[in-house]
Amino acid sequence: MPKVEFWQGNTAVVMGAIAAGCRFFGGYPITPSSEIAEIMAAELPKVGGKFIQMEDEIASIASVIGASIAGLKAMTATSGPGFSLKQENIGFAYMTEVPVVVINVMRGGPSTGLPTKVSQQDVMQARWGTHGDHETIALAPASVQECYELTIEAFNLSERFRQPVILLSDEVVGHMREKIVIPEKGSYHIVDRKRPKEDPEKFVPYKPDPEDDIPPMASFGDGYRWHVTGLTHNQWGFPTNDPDIAEEKILRLMRKVRRFKGEIVKYDTYEVEDAEILVVAYGSVSRTALSAVREARSRGMRVGFFRPITLWPFPDDELRGLLGGVKSVLVPELNCGQMILEVERVVGGKARVFGKGLVNGELFRPSEIFDFIKEVA
Amino acid sequence: MSDQRYEIRIAGSGGQGVILAAVIVGEALALYEEGLNVVQTQAYGPEARGGASKAEVIVSRGKIDYPKATNPNLQVILTQKACDEYVHDASPNSVVIVDDFFVTEPPKINANIYSLPIVRTAREEIGREIVTNMVALGTIASILESWDLAKPESIRKAILDRVPKGTEELNSKAFELGYKLIKEKL
């Protein structure tokens with residue numbers, strides 16, 4: 001019988017990470033993510049893993065990158081202010097192609113903002129927080145069950161694509177306790193990074209596998225030579241200004257994710273078949289939205305629900321395919337309008353798009369979203 | 001039982017253990033009762049002590065979408081500040097239990113209001129104000145039993161899972177006193 005627990009979202013993140021094979025956590029506690037560090041400190045040693053509380057957020061992500069280069073699945077957890085500090089090294093991980101998982105339990109910002117209150121103000125920061133071109137993979141859980149499952153997925157994607165993957169949780173989902181059914185070992189897929197098969201003398205560290213554009217990754221200490229730099233580099237990992245090599249490096253970083261977008265994107269729908277109004281919501285807000293959509297349906301209104309689970313890449317083709325009879329698209333979110341920009345891009349003027357923002361630290365109540373639906377009906 | 005949604009709220013001041021009390025109710029319902037969906041949330045400020053704080057438990061045999069209370073069926077309120085801030089969205093005919101020491105002005109709302117010596121029981125009968133939340137849990141157990149939602153035994157078990165070793169008797173005694181506080185009034 002699968003085990004049932006009553007866990008906090010943050011606990012489920014930790015247990016999901018360990019199930020995925022995470023064996024290193026470097027972090028600096030910050031509300032509302034602190035439980036992740038606290039529980040990691042208790043749980044990782046039980047499975048032979050290492051926990052380090054670093055001196056700050058920058059050192060935390062640096063330690064995670066180092067642990068990953070040494071061969072361990074590694075992660076850190078933070079909230080807005082710490083996510084800001086980590087951005088430079090997140091960029092380093094994109095450029096050097098080091099798998100790392102970063103959990104951001106969103107709280108109100110900017111700056112130290114509202115430490116104990118929910119927000120979704122970091123959606124665009126997850127996408128563009130670090131400078132330079134890169135493809136972001138960011139997942140937004142809406143339940144404790146998903147905190148577990150999407151953390152496993154974050155590790156799998158990170159290992160597969162050799163890049164940072166972000167879990168964009170929020171204060172409500174992170175602190176909420178809920179029933180969770182722990183999947184039995186073997187019932188979920190675990191991905192480990194590809195290792196080089198050739199002899200160390202013949203190893204070319206950034207030579208991509210033509211199958212997927214992703215180079216196999218050696219661990220430091222295994223005898224494979226590998227130069228790691230944030231400067232644009234050639235196949236041996238050494239800096240170069242060669243225009244062709246520089247261009248191919250960046251194009252490949254983009255391509256390795258874009259090629260497989262169809263396999264990465266995740267989303268959820270409810271009653272979309274005949275919908276004239278579509279509510280698009282993610283994370284904790286999606287739970288309020290679903291409640292309001294059910295209420296609208298019970299009154300005979302043709303309202304559907306679309307929830308991006310991967311915020312990045314945004315499930316654009318999937319949303320576009322549902323727009324047939326849709327006249328209005330509503331985007332309630334706990335910011336002043338971030339995901340709505342993607343929705344507007346996808347809708348492309350074929351329906352009206354309305355946003356509703358909330359930045360007072362509270363979660364939308366079902367009546368607020370129901371009233372929003374009534375306004376446009 | 002239908003898919004009826006029950007909303008329970010425990011509110012007070014940071015440090016009174018309202019979040020722990022709600023976690024225990026949640027664990028009792030989720031792990032020791034059959035077929036219930038349960039979600040527990042909380043709201044508190046940045047301070048470790050003081051400030052109004054609330055914790056909520058939503059229970060249903062059906063799916064729970066919105067995880068917070070909108071019109072609670074049961075509230076246990078331990079301070080005047082929390083009472084002023086939170087009590088007003090009570091569902092009509094719901095149960096509101098207020099502490100008779102700290103809540104000096106019981107709310108004037110359409111609800112079944114019980115003013116009970118929760119803090120005084122902890123302080124005077126047990127001699128430890130720290131078990132206030134366990135007395136509160138006892139009152140909640142009585143109500144949930146009267147609604148056929150949970151056995152008091154489930155909450156007793158969940159308390160023993162949570163409290164530090166060596167304090168089981170203290171906490172259990174506080175729970176039993178709380179259970180009796182309202183039992184005789186129902």
# chains A, B, ... in the order shown; residues from 1 in each chain; ligands from 1
>>> closest_atom_pairs(of="chain B", to="chain A", cutoff="7 Å", atoms="only C-alpha atoms", output="Markdown table")
| residue | atom | partner | partner_atom | distance |
| --- | --- | --- | --- | --- |
| B:Glu27 | CA | A:Phe6 | CA | 6.0 |
| B:Ala30 | CA | A:Lys179 | CA | 6.4 |
| B:Asn37 | CA | A:Lys179 | CA | 6.8 |
| B:Val38 | CA | A:Glu178 | CA | 5.9 |
| B:Val39 | CA | A:Glu178 | CA | 4.6 |
| B:Gln40 | CA | A:Arg177 | CA | 4.9 |
| B:Thr41 | CA | A:Met176 | CA | 4.8 |
| B:Tyr44 | CA | A:Thr116 | CA | 6.8 |
| B:Gly45 | CA | A:Thr116 | CA | 6.2 |
| B:Pro46 | CA | A:Thr116 | CA | 6.2 |
| B:Asp65 | CA | A:Arg287 | CA | 4.8 |
| B:Tyr66 | CA | A:Thr288 | CA | 4.7 |
>>> select_by_dssp(residues="segment 166-304 of chain A", states="strand (DSSP E)", output="MDAnalysis selection string")
chainID A and resid 166:170 177:182 267:270 277:280 303:304
>>> residues_around(residues="segment 89-103 of chain A", least_positions_apart="5", cutoff="6 Å", atoms="only C-alpha atoms", output="JSON list (two decimals) with N, CA and C atoms, in the first residue's frame")
[["chain", "number", "residue", "atom", "x", "y", "z"],
["A", 74, "ALA", "N", 22.21, 18.18, -6.95],
["A", 74, "ALA", "CA", 22.32, 19.19, -5.90],
["A", 74, "ALA", "C", 21.26, 20.27, -6.08],
["A", 75, "MET", "N", 20.84, 20.84, -4.95],
["A", 75, "MET", "CA", 19.86, 21.92, -5.05],
["A", 75, "MET", "C", 20.01, 22.94, -3.93],
["A", 76, "THR", "N", 19.33, 24.07, -4.13],
["A", 76, "THR", "CA", 19.23, 25.09, -3.10],
["A", 76, "THR", "C", 17.78, 25.56, -3.07],
["A", 77, "ALA", "N", 17.42, 26.24, -1.99],
["A", 77, "ALA", "CA", 16.05, 26.75, -1.88],
["A", 77, "ALA", "C", 16.11, 28.16, -1.31],
["A", 130, "THR", "N", 18.59, 36.21, -14.83],
["A", 130, "THR", "CA", 20.01, 36.28, -15.14],
["A", 130, "THR", "C", 20.15, 36.82, -16.56],
["A", 158, "SER", "N", 16.65, 18.79, -15.23],
["A", 158, "SER", "CA", 17.96, 19.41, -15.03],
["A", 158, "SER", "C", 19.08, 18.46, -15.45],
["A", 159, "GLU", "N", 18.94, 17.20, -15.05],
["A", 159, "GLU", "CA", 19.96, 16.20, -15.41],
["A", 159, "GLU", "C", 19.96, 15.95, -16.92],
["A", 162, "ARG", "N", 21.06, 19.37, -18.70],
["A", 162, "ARG", "CA", 22.28, 19.98, -18.16],
["A", 162, "ARG", "C", 22.12, 21.49, -18.00],
["A", 163, "GLN", "N", 21.16, 21.88, -17.23],
["A", 163, "GLN", "CA", 20.98, 23.31, -16.96],
["A", 163, "GLN", "C", 20.16, 23.50, -15.69],
["A", 164, "PRO", "N", 20.13, 24.73, -15.17],
["A", 164, "PRO", "CA", 19.30, 24.98, -13.99],
["A", 164, "PRO", "C", 17.83, 24.73, -14.31],
["A", 165, "VAL", "N", 17.12, 24.20, -13.35],
["A", 165, "VAL", "CA", 15.66, 24.11, -13.43],
["A", 165, "VAL", "C", 15.10, 24.73, -12.16],
["A", 166, "ILE", "N", 14.07, 25.54, -12.33],
["A", 166, "ILE", "CA", 13.53, 26.30, -11.20],
["A", 166, "ILE", "C", 12.16, 25.76, -10.82],
["A", 167, "LEU", "N", 11.97, 25.52, -9.54],
["A", 167, "LEU", "CA", 10.64, 25.19, -9.04],
["A", 167, "LEU", "C", 10.09, 26.47, -8.41],
["A", 230, "GLY", "N", 32.73, 30.72, -17.20],
["A", 230, "GLY", "CA", 31.53, 31.44, -17.63],
["A", 230, "GLY", "C", 31.75, 32.21, -18.92]]
>>> select_by_dssp(residues="segment 40-178 of chain B", states="helix (DSSP H, G or I)", output="number ranges by chain")
B: 80-89, 118-126, 129-146, 152-162, 168-178
>>> residues_around(residues="Ala12 of chain A", least_positions_apart="6", cutoff="8 Å", atoms="only C-alpha atoms", output="list in words")
Val144, Gln145, Cys147 and Tyr148 of chain A
>>> write_last_selection(atoms="N, CA and C atoms", output="CSV table (one decimal), in the first residue's frame")
chain,number,residue,atom,x,y,z
A,144,VAL,N,0.5,19.9,-2.5
A,144,VAL,CA,1.6,19.2,-1.8
A,144,VAL,C,2.1,18.0,-2.7
A,145,GLN,N,1.1,17.3,-3.2
A,145,GLN,CA,1.4,16.2,-4.1
A,145,GLN,C,2.3,16.6,-5.2
A,147,CYS,N,4.3,19.3,-5.2
A,147,CYS,CA,5.6,19.7,-4.7
A,147,CYS,C,6.5,18.5,-4.8
A,148,TYR,N,6.0,17.3,-4.4
A,148,TYR,CA,6.8,16.1,-4.5
A,148,TYR,C,7.2,15.7,-5.9
>>> closest_residue(among="B:Glu176, B:Phe101, B:Met134, B:Ile182", to="Ile113 of chain B", atoms="only C-alpha atoms")
B:Ile182
>>> residues_around(residues="Gly223 of chain A", least_positions_apart="3", cutoff="9 Å", atoms="only C-alpha atoms", output="number ranges by chain")
A: 200-201, 218-220
>>> atom_distance(atom1="atom CA of Asn71 of chain B", atom2="atom CA of Gly12 of chain B")
17.7 Å
>>> residues_around(residues="Ser172 of chain B", least_positions_apart="6", cutoff="9 Å", atoms="only C-alpha atoms", output="PyMOL selection string")
chain B and resi 134+156+159-160
>>> atom_distance(atom1="atom CA of Lys350 of chain A", atom2="atom CA of Glu295 of chain A")
26.1 Å
>>> closest_residue(among="B:Ala158, B:Val119, B:Cys83, B:Ile143", to="Ala21 of chain B", atoms="only C-alpha atoms")
B:Ala158
>>> residues_around(residues="Thr78 of chain A", least_positions_apart="2", cutoff="12 Å", atoms="only C-alpha atoms", output="PyMOL selection string")
chain A and resi 10+25-37+56-58+60-61+75-76+80-87+101-107+115+122+166-171+174
>>> atom_distance(atom1="atom CA of Val103 of chain B", atom2="atom CA of Gln75 of chain B")
13.2 Å
>>> decode(residues="segment 118-133 of chain A", atoms="all heavy atoms", output="compact mmCIF listing (two decimals), in the first residue's frame")
# COMPACT_ATOMS: atom_id res chain seq x y z
N VAL A 118 2.10 35.55 0.55
CA VAL A 118 2.20 34.93 -0.77
C VAL A 118 2.27 35.96 -1.89
O VAL A 118 1.72 37.05 -1.79
CB VAL A 118 1.01 33.98 -0.99
CG1 VAL A 118 -0.30 34.73 -1.11
CG2 VAL A 118 1.23 33.07 -2.20
N SER A 119 2.97 35.61 -2.96
CA SER A 119 2.93 36.39 -4.20
C SER A 119 3.34 35.49 -5.36
O SER A 119 3.77 34.36 -5.17
CB SER A 119 3.86 37.61 -4.14
OG SER A 119 5.10 37.32 -4.77
N GLN A 120 3.16 36.05 -6.57
CA GLN A 120 3.68 35.38 -7.77
C GLN A 120 4.47 36.41 -8.57
O GLN A 120 4.38 36.47 -9.78
CB GLN A 120 2.51 34.82 -8.60
CG GLN A 120 1.74 33.74 -7.86
CD GLN A 120 0.56 33.22 -8.66
OE1 GLN A 120 -0.16 33.98 -9.29
NE2 GLN A 120 0.35 31.91 -8.64
N GLN A 121 5.24 37.21 -7.84
CA GLN A 121 5.91 38.34 -8.49
C GLN A 121 7.23 37.96 -9.17
O GLN A 121 7.86 38.81 -9.77
CB GLN A 121 6.15 39.46 -7.46
CG GLN A 121 4.86 40.09 -6.96
CD GLN A 121 5.10 41.15 -5.90
OE1 GLN A 121 6.01 41.95 -5.99
NE2 GLN A 121 4.28 41.14 -4.87
N ASP A 122 7.63 36.68 -9.06
CA ASP A 122 8.95 36.30 -9.60
C ASP A 122 8.86 35.50 -10.89
O ASP A 122 9.83 34.84 -11.29
CB ASP A 122 9.73 35.49 -8.56
CG ASP A 122 9.85 36.19 -7.21
OD1 ASP A 122 9.58 37.42 -7.16
OD2 ASP A 122 10.22 35.53 -6.23
N VAL A 123 7.70 35.55 -11.55
CA VAL A 123 7.51 34.76 -12.77
C VAL A 123 8.49 35.20 -13.86
O VAL A 123 9.16 34.38 -14.49
CB VAL A 123 6.06 34.90 -13.26
CG1 VAL A 123 5.89 34.32 -14.66
CG2 VAL A 123 5.12 34.20 -12.29
N MET A 124 8.60 36.51 -14.04
CA MET A 124 9.51 37.02 -15.07
C MET A 124 10.96 36.96 -14.62
O MET A 124 11.87 36.81 -15.42
CB MET A 124 9.13 38.45 -15.46
CG MET A 124 7.93 38.51 -16.37
SD MET A 124 8.28 37.66 -17.95
CE MET A 124 6.64 37.61 -18.65
N GLN A 125 11.17 37.04 -13.31
CA GLN A 125 12.55 36.91 -12.82
C GLN A 125 13.06 35.50 -13.07
O GLN A 125 14.23 35.30 -13.41
CB GLN A 125 12.63 37.21 -11.31
CG GLN A 125 14.08 37.26 -10.83
CD GLN A 125 14.19 37.39 -9.32
OE1 GLN A 125 13.28 37.05 -8.58
NE2 GLN A 125 15.33 37.87 -8.88
N ALA A 126 12.18 34.50 -12.94
CA ALA A 126 12.59 33.13 -13.24
C ALA A 126 13.00 33.03 -14.70
O ALA A 126 13.95 32.33 -15.04
CB ALA A 126 11.45 32.16 -12.93
N ARG A 127 12.29 33.75 -15.56
CA ARG A 127 12.58 33.68 -16.99
C ARG A 127 13.83 34.48 -17.37
O ARG A 127 14.67 34.03 -18.13
CB ARG A 127 11.37 34.21 -17.80
CG ARG A 127 11.58 34.20 -19.31
CD ARG A 127 11.69 32.79 -19.84
NE ARG A 127 12.07 32.69 -21.24
CZ ARG A 127 13.33 32.61 -21.67
NH1 ARG A 127 14.34 32.64 -20.82
NH2 ARG A 127 13.59 32.48 -22.96
N TRP A 128 13.91 35.70 -16.83
CA TRP A 128 14.95 36.63 -17.32
C TRP A 128 15.83 37.17 -16.20
O TRP A 128 16.45 38.22 -16.36
CB TRP A 128 14.30 37.80 -18.07
CG TRP A 128 13.56 37.41 -19.30
CD1 TRP A 128 12.22 37.48 -19.52
CD2 TRP A 128 14.13 36.86 -20.50
NE1 TRP A 128 11.91 37.01 -20.78
CE2 TRP A 128 13.07 36.63 -21.40
CE3 TRP A 128 15.44 36.54 -20.90
CZ2 TRP A 128 13.27 36.09 -22.67
CZ3 TRP A 128 15.63 36.01 -22.17
CH2 TRP A 128 14.54 35.79 -23.04
N GLY A 129 15.83 36.53 -15.06
CA GLY A 129 16.56 37.07 -13.90
C GLY A 129 18.05 37.16 -14.13
O GLY A 129 18.71 38.08 -13.66
N THR A 130 18.59 36.21 -14.83
CA THR A 130 20.01 36.28 -15.14
C THR A 130 20.15 36.82 -16.56
O THR A 130 19.25 36.67 -17.37
CB THR A 130 20.68 34.90 -14.97
OG1 THR A 130 22.10 35.09 -14.88
CG2 THR A 130 20.34 33.95 -16.11
N HIS A 131 21.29 37.48 -16.81
CA HIS A 131 21.42 38.14 -18.12
C HIS A 131 21.83 37.15 -19.22
O HIS A 131 22.31 36.06 -18.94
CB HIS A 131 22.44 39.28 -18.03
CG HIS A 131 23.81 38.79 -17.62
ND1 HIS A 131 24.15 38.62 -16.31
CD2 HIS A 131 24.87 38.40 -18.36
CE1 HIS A 131 25.40 38.17 -16.25
NE2 HIS A 131 25.84 38.02 -17.46
N GLY A 132 21.62 37.56 -20.43
CA GLY A 132 22.03 36.76 -21.58
C GLY A 132 20.94 35.80 -22.01
O GLY A 132 20.00 35.52 -21.27
N ASP A 133 21.08 35.31 -23.24
CA ASP A 133 20.07 34.40 -23.78
C ASP A 133 20.20 33.02 -23.15
O ASP A 133 21.30 32.48 -23.00
CB ASP A 133 20.25 34.27 -25.30
CG ASP A 133 19.44 35.32 -26.05
OD1 ASP A 133 18.36 35.67 -25.55
OD2 ASP A 133 19.91 35.77 -27.11
